[in-house]
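Report on the following structure.
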Amino acid sequence: MNLRDLRYLVAVAEHRHFGRAARACYISQPTLSTQLKKLEAYLGVQLVERNRRRVLLTPLGEELAERAARILAEADDLVNTARAQAEPMTGDVRLGVIPTAAPYLLPHVIPELAYTYPNLRLILREDLTDRLLDRLRAGTLDGALLARPVADEGLVSAPICVEPFYFAVPAGHLLDRPEPVSLNELREVELMLLEEGHCLRQQALEVCREADAGEAAPFRATSLETLRQMVAAGVGATLLPALAAAASQRGPDHQAVATRPFRDPVPSRELALYWRAGSARSATLQELADSIARMPAIADPARHVTVPA
């Protein structure tokens, strides 16, 4: 038995599909299947239930896959510790990003990081906060870009940026006017929000509570882009963080969405990069966070949101 075989088992547990697991491991499906059978023969137990429609792990297979993931994380950490001592900005870094930041932040960040650190390869995963935290704690991610606060004493963080919220309404709406919007005026609308599981939903609800606003609209979206398109279609209003608001103003239907700033106190959220305390990649992640935070498009995201007079 070797680490390679454990990686195959973990890939099958994650993807629940031989084809997708094989592609993730950069091998053919027959090779993956053969190696798993050899692993089962070596251990003397069945790990995977095979049928034409789907792949299931046996209860023991599930347990061993979880333990294998921890073993692989430790092995990767061992290698990364050695490499990071000599060259911290080289090798692979597995980074998670929340979906309300990924499509708006990464297009600015990735080209710049690739130019600045040509020997560093970012392996990116977009997912909800709770799932990214689970992966971070399990060691299958090196770091995660999340919205503060995150309650976990085992993690450390470095700030990325503060994003003020903007009020997005259909063009021509009663609240589409030159002066900033007060929080009290949120009482006049039902805000459309993201579905459960998005940290931005909780942040928006906190803004509503601070404004003593009423219930949110019954519509639940899976992405900020869906919310923005609903606003463009005249269905309702929502809150957009600055990076998303700036991207909205570059969209083909930008004239259908009015993006208005708030009066003081301006509601906002803070993005930060989190990693495990004592991680072998701590120096790398700190340097990454500092580099991202210095980028002009990230350092002051509100500067890139146009507010018509």
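Letters for chains follow the order of the structure tokens (A, B, ...), residue numbers begin at 1 for each chain, and ligand numbers begin at 1 in the order shown.
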Sel. of alpha helix (DSSP H) residues, range 79-286 of chain A, as a PyMOL selection string:
chain A and resi 79-86+102-116+129-138+199-210+224-232+242-248+282-286
Quick one: which range 219-307 of chain A residues come within 7 Å of range 187-208 of chain A, and what is the nearest atom pair for each with the distance in Å to one decimal, counting only C-alpha atoms, rows ordered by chain and ascending number, as JSON lines?
```
{"residue": "A:Phe219", "atom": "CA", "partner": "A:Met192", "partner_atom": "CA", "distance": 6.0}
{"residue": "A:Arg220", "atom": "CA", "partner": "A:Glu195", "partner_atom": "CA", "distance": 4.9}
{"residue": "A:Ala221", "atom": "CA", "partner": "A:Leu194", "partner_atom": "CA", "distance": 4.6}
{"residue": "A:Thr222", "atom": "CA", "partner": "A:Leu194", "partner_atom": "CA", "distance": 5.8}
{"residue": "A:Ser223", "atom": "CA", "partner": "A:Leu194", "partner_atom": "CA", "distance": 6.5}
{"residue": "A:Leu227", "atom": "CA", "partner": "A:Met192", "partner_atom": "CA", "distance": 6.9}
{"residue": "A:Gly236", "atom": "CA", "partner": "A:Met192", "partner_atom": "CA", "distance": 6.6}
{"residue": "A:Ala237", "atom": "CA", "partner": "A:Leu191", "partner_atom": "CA", "distance": 5.3}
{"residue": "A:Thr238", "atom": "CA", "partner": "A:Leu191", "partner_atom": "CA", "distance": 5.0}
{"residue": "A:Pro267", "atom": "CA", "partner": "A:Val207", "partner_atom": "CA", "distance": 6.8}
```
Produce a table with one row for each residue of range 16-36 of chain A that has an atom at most 10 Å from any atom of range 54-70 of chain A, each row naming the nearest atom pair and its distance in Å at one decimal; use only C-alpha atoms; arrange rows by chain and rising residue number; format as CSV.
```
residue,atom,partner,partner_atom,distance
A:Arg16,CA,A:Val55,CA,5.3
A:His17,CA,A:Val55,CA,5.7
A:Phe18,CA,A:Val55,CA,7.3
```
I need the residues from that last selection saved to file as an mmCIF file, in the first residue's frame (with N, CA and C atoms), if you can.
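In the end it all went to out-v1.cif:
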```cif
data_model
loop_
_atom_site.group_PDB
_atom_site.id
_atom_site.type_symbol
_atom_site.label_atom_id
_atom_site.label_comp_id
_atom_site.auth_asym_id
_atom_site.auth_seq_id
_atom_site.Cartn_x
_atom_site.Cartn_y
_atom_site.Cartn_z
ATOM 1 N N ARG A 16 -17.521 10.479 -5.803
ATOM 2 C CA ARG A 16 -18.583 9.465 -5.929
ATOM 3 C C ARG A 16 -18.797 9.045 -7.379
ATOM 4 N N HIS A 17 -17.715 9.060 -8.134
ATOM 5 C CA HIS A 17 -17.801 8.724 -9.555
ATOM 6 C C HIS A 17 -16.395 8.343 -10.018
ATOM 7 N N PHE A 18 -16.248 7.154 -10.627
ATOM 8 C CA PHE A 18 -14.928 6.692 -11.035
ATOM 9 C C PHE A 18 -14.300 7.595 -12.084
#
```
For Gly278 in chain A, find every residue with an atom within 10 Å (counting only C-alpha atoms), except residues of its own chain fewer than 6 positions away, and show them as a compact mmCIF listing (two decimals) with N, CA and C atoms, in the first residue's frame.
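So around.txt came out as:
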```
# COMPACT_ATOMS: atom_id res chain seq x y z
N GLY A 154 -8.19 27.61 16.33
CA GLY A 154 -7.12 26.90 15.65
C GLY A 154 -6.69 27.55 14.35
N LEU A 155 -7.33 28.66 13.99
CA LEU A 155 -7.01 29.34 12.74
C LEU A 155 -6.45 30.73 13.01
N VAL A 156 -5.59 31.18 12.12
CA VAL A 156 -5.11 32.55 12.13
C VAL A 156 -5.51 33.20 10.81
```
For Ala168 in chain A, work out the shell of residues within 10 Å, counting only C-alpha atoms and skipping chain neighbours fewer than 2 positions away, then give it as a PDB file with N, CA and C atoms, in the first residue's frame.
```
ATOM      1  N   PHE A 165     -21.111  47.801   1.497  1.00  0.00           N
ATOM      2  CA  PHE A 165     -22.267  47.332   0.750  1.00  0.00           C
ATOM      3  C   PHE A 165     -22.893  48.483  -0.039  1.00  0.00           C
ATOM      4  N   TYR A 166     -23.467  48.127  -1.184  1.00  0.00           N
ATOM      5  CA  TYR A 166     -24.227  49.078  -1.999  1.00  0.00           C
ATOM      6  C   TYR A 166     -25.652  48.573  -2.142  1.00  0.00           C
ATOM      7  N   PRO A 170     -33.733  48.478  -9.228  1.00  0.00           N
ATOM      8  CA  PRO A 170     -33.961  48.675 -10.659  1.00  0.00           C
ATOM      9  C   PRO A 170     -33.846  50.156 -11.020  1.00  0.00           C
ATOM     10  N   ALA A 171     -33.275  50.450 -12.170  1.00  0.00           N
ATOM     11  CA  ALA A 171     -33.171  51.831 -12.623  1.00  0.00           C
ATOM     12  C   ALA A 171     -34.569  52.459 -12.655  1.00  0.00           C
ATOM     13  N   HIS A 173     -36.238  53.246  -9.971  1.00  0.00           N
ATOM     14  CA  HIS A 173     -36.906  52.964  -8.699  1.00  0.00           C
ATOM     15  C   HIS A 173     -36.980  54.232  -7.852  1.00  0.00           C
ATOM     16  N   LEU A 175     -36.003  54.758  -4.970  1.00  0.00           N
ATOM     17  CA  LEU A 175     -34.754  54.999  -4.254  1.00  0.00           C
ATOM     18  C   LEU A 175     -33.545  55.137  -5.185  1.00  0.00           C
ATOM     19  N   ASP A 176     -33.795  55.197  -6.491  1.00  0.00           N
ATOM     20  CA  ASP A 176     -32.739  55.474  -7.460  1.00  0.00           C
ATOM     21  C   ASP A 176     -32.593  56.989  -7.572  1.00  0.00           C
ATOM     22  N   LEU A 191     -35.818  43.030   0.728  1.00  0.00           N
ATOM     23  CA  LEU A 191     -34.563  42.682   0.082  1.00  0.00           C
ATOM     24  C   LEU A 191     -34.554  41.229  -0.376  1.00  0.00           C
ATOM     25  N   LEU A 227     -29.074  37.368  -8.142  1.00  0.00           N
ATOM     26  CA  LEU A 227     -29.710  38.517  -7.495  1.00  0.00           C
ATOM     27  C   LEU A 227     -29.610  39.756  -8.379  1.00  0.00           C
ATOM     28  N   ARG A 228     -28.435  39.980  -8.945  1.00  0.00           N
ATOM     29  CA  ARG A 228     -28.252  41.164  -9.780  1.00  0.00           C
ATOM     30  C   ARG A 228     -29.161  41.135 -11.002  1.00  0.00           C
ATOM     31  N   VAL A 231     -32.633  42.031 -10.057  1.00  0.00           N
ATOM     32  CA  VAL A 231     -32.760  43.483  -9.927  1.00  0.00           C
ATOM     33  C   VAL A 231     -32.878  44.118 -11.306  1.00  0.00           C
ATOM     34  N   ALA A 232     -32.037  43.691 -12.239  1.00  0.00           N
ATOM     35  CA  ALA A 232     -32.077  44.235 -13.596  1.00  0.00           C
ATOM     36  C   ALA A 232     -33.425  43.989 -14.258  1.00  0.00           C
ATOM     37  N   GLY A 236     -36.886  43.241  -7.815  1.00  0.00           N
ATOM     38  CA  GLY A 236     -36.720  43.706  -6.440  1.00  0.00           C
ATOM     39  C   GLY A 236     -35.367  44.346  -6.236  1.00  0.00           C
ATOM     40  N   ALA A 237     -34.970  44.480  -4.964  1.00  0.00           N
ATOM     41  CA  ALA A 237     -33.718  45.132  -4.588  1.00  0.00           C
ATOM     42  C   ALA A 237     -32.863  44.174  -3.790  1.00  0.00           C
ATOM     43  N   THR A 238     -31.558  44.490  -3.690  1.00  0.00           N
ATOM     44  CA  THR A 238     -30.648  43.642  -2.923  1.00  0.00           C
ATOM     45  C   THR A 238     -29.456  44.461  -2.457  1.00  0.00           C
ATOM     46  N   LEU A 239     -28.559  43.821  -1.718  1.00  0.00           N
ATOM     47  CA  LEU A 239     -27.298  44.422  -1.306  1.00  0.00           C
ATOM     48  C   LEU A 239     -26.163  43.764  -2.075  1.00  0.00           C
ATOM     49  N   LEU A 240     -25.224  44.571  -2.563  1.00  0.00           N
ATOM     50  CA  LEU A 240     -24.060  44.052  -3.272  1.00  0.00           C
ATOM     51  C   LEU A 240     -22.791  44.548  -2.592  1.00  0.00           C
ATOM     52  N   ALA A 245     -20.488  45.016  -6.897  1.00  0.00           N
ATOM     53  CA  ALA A 245     -21.119  46.212  -7.437  1.00  0.00           C
ATOM     54  C   ALA A 245     -20.311  46.778  -8.598  1.00  0.00           C
ATOM     55  N   SER A 248     -20.829  44.604 -11.574  1.00  0.00           N
ATOM     56  CA  SER A 248     -22.170  44.813 -12.115  1.00  0.00           C
ATOM     57  C   SER A 248     -22.203  45.989 -13.071  1.00  0.00           C
ATOM     58  N   VAL A 257     -29.575  48.506 -13.683  1.00  0.00           N
ATOM     59  CA  VAL A 257     -29.367  48.391 -12.241  1.00  0.00           C
ATOM     60  C   VAL A 257     -28.775  49.701 -11.718  1.00  0.00           C
ATOM     61  N   ALA A 258     -29.436  50.291 -10.731  1.00  0.00           N
ATOM     62  CA  ALA A 258     -28.922  51.490 -10.071  1.00  0.00           C
ATOM     63  C   ALA A 258     -28.202  51.073  -8.793  1.00  0.00           C
ATOM     64  N   THR A 259     -26.936  51.435  -8.685  1.00  0.00           N
ATOM     65  CA  THR A 259     -26.119  51.067  -7.531  1.00  0.00           C
ATOM     66  C   THR A 259     -25.895  52.300  -6.676  1.00  0.00           C
ATOM     67  N   ARG A 260     -26.498  52.316  -5.497  1.00  0.00           N
ATOM     68  CA  ARG A 260     -26.457  53.502  -4.643  1.00  0.00           C
ATOM     69  C   ARG A 260     -25.650  53.237  -3.378  1.00  0.00           C
ATOM     70  N   PRO A 261     -24.830  54.199  -2.947  1.00  0.00           N
ATOM     71  CA  PRO A 261     -24.085  54.040  -1.692  1.00  0.00           C
ATOM     72  C   PRO A 261     -24.975  54.324  -0.488  1.00  0.00           C
TER      73      PRO A 261
END
```
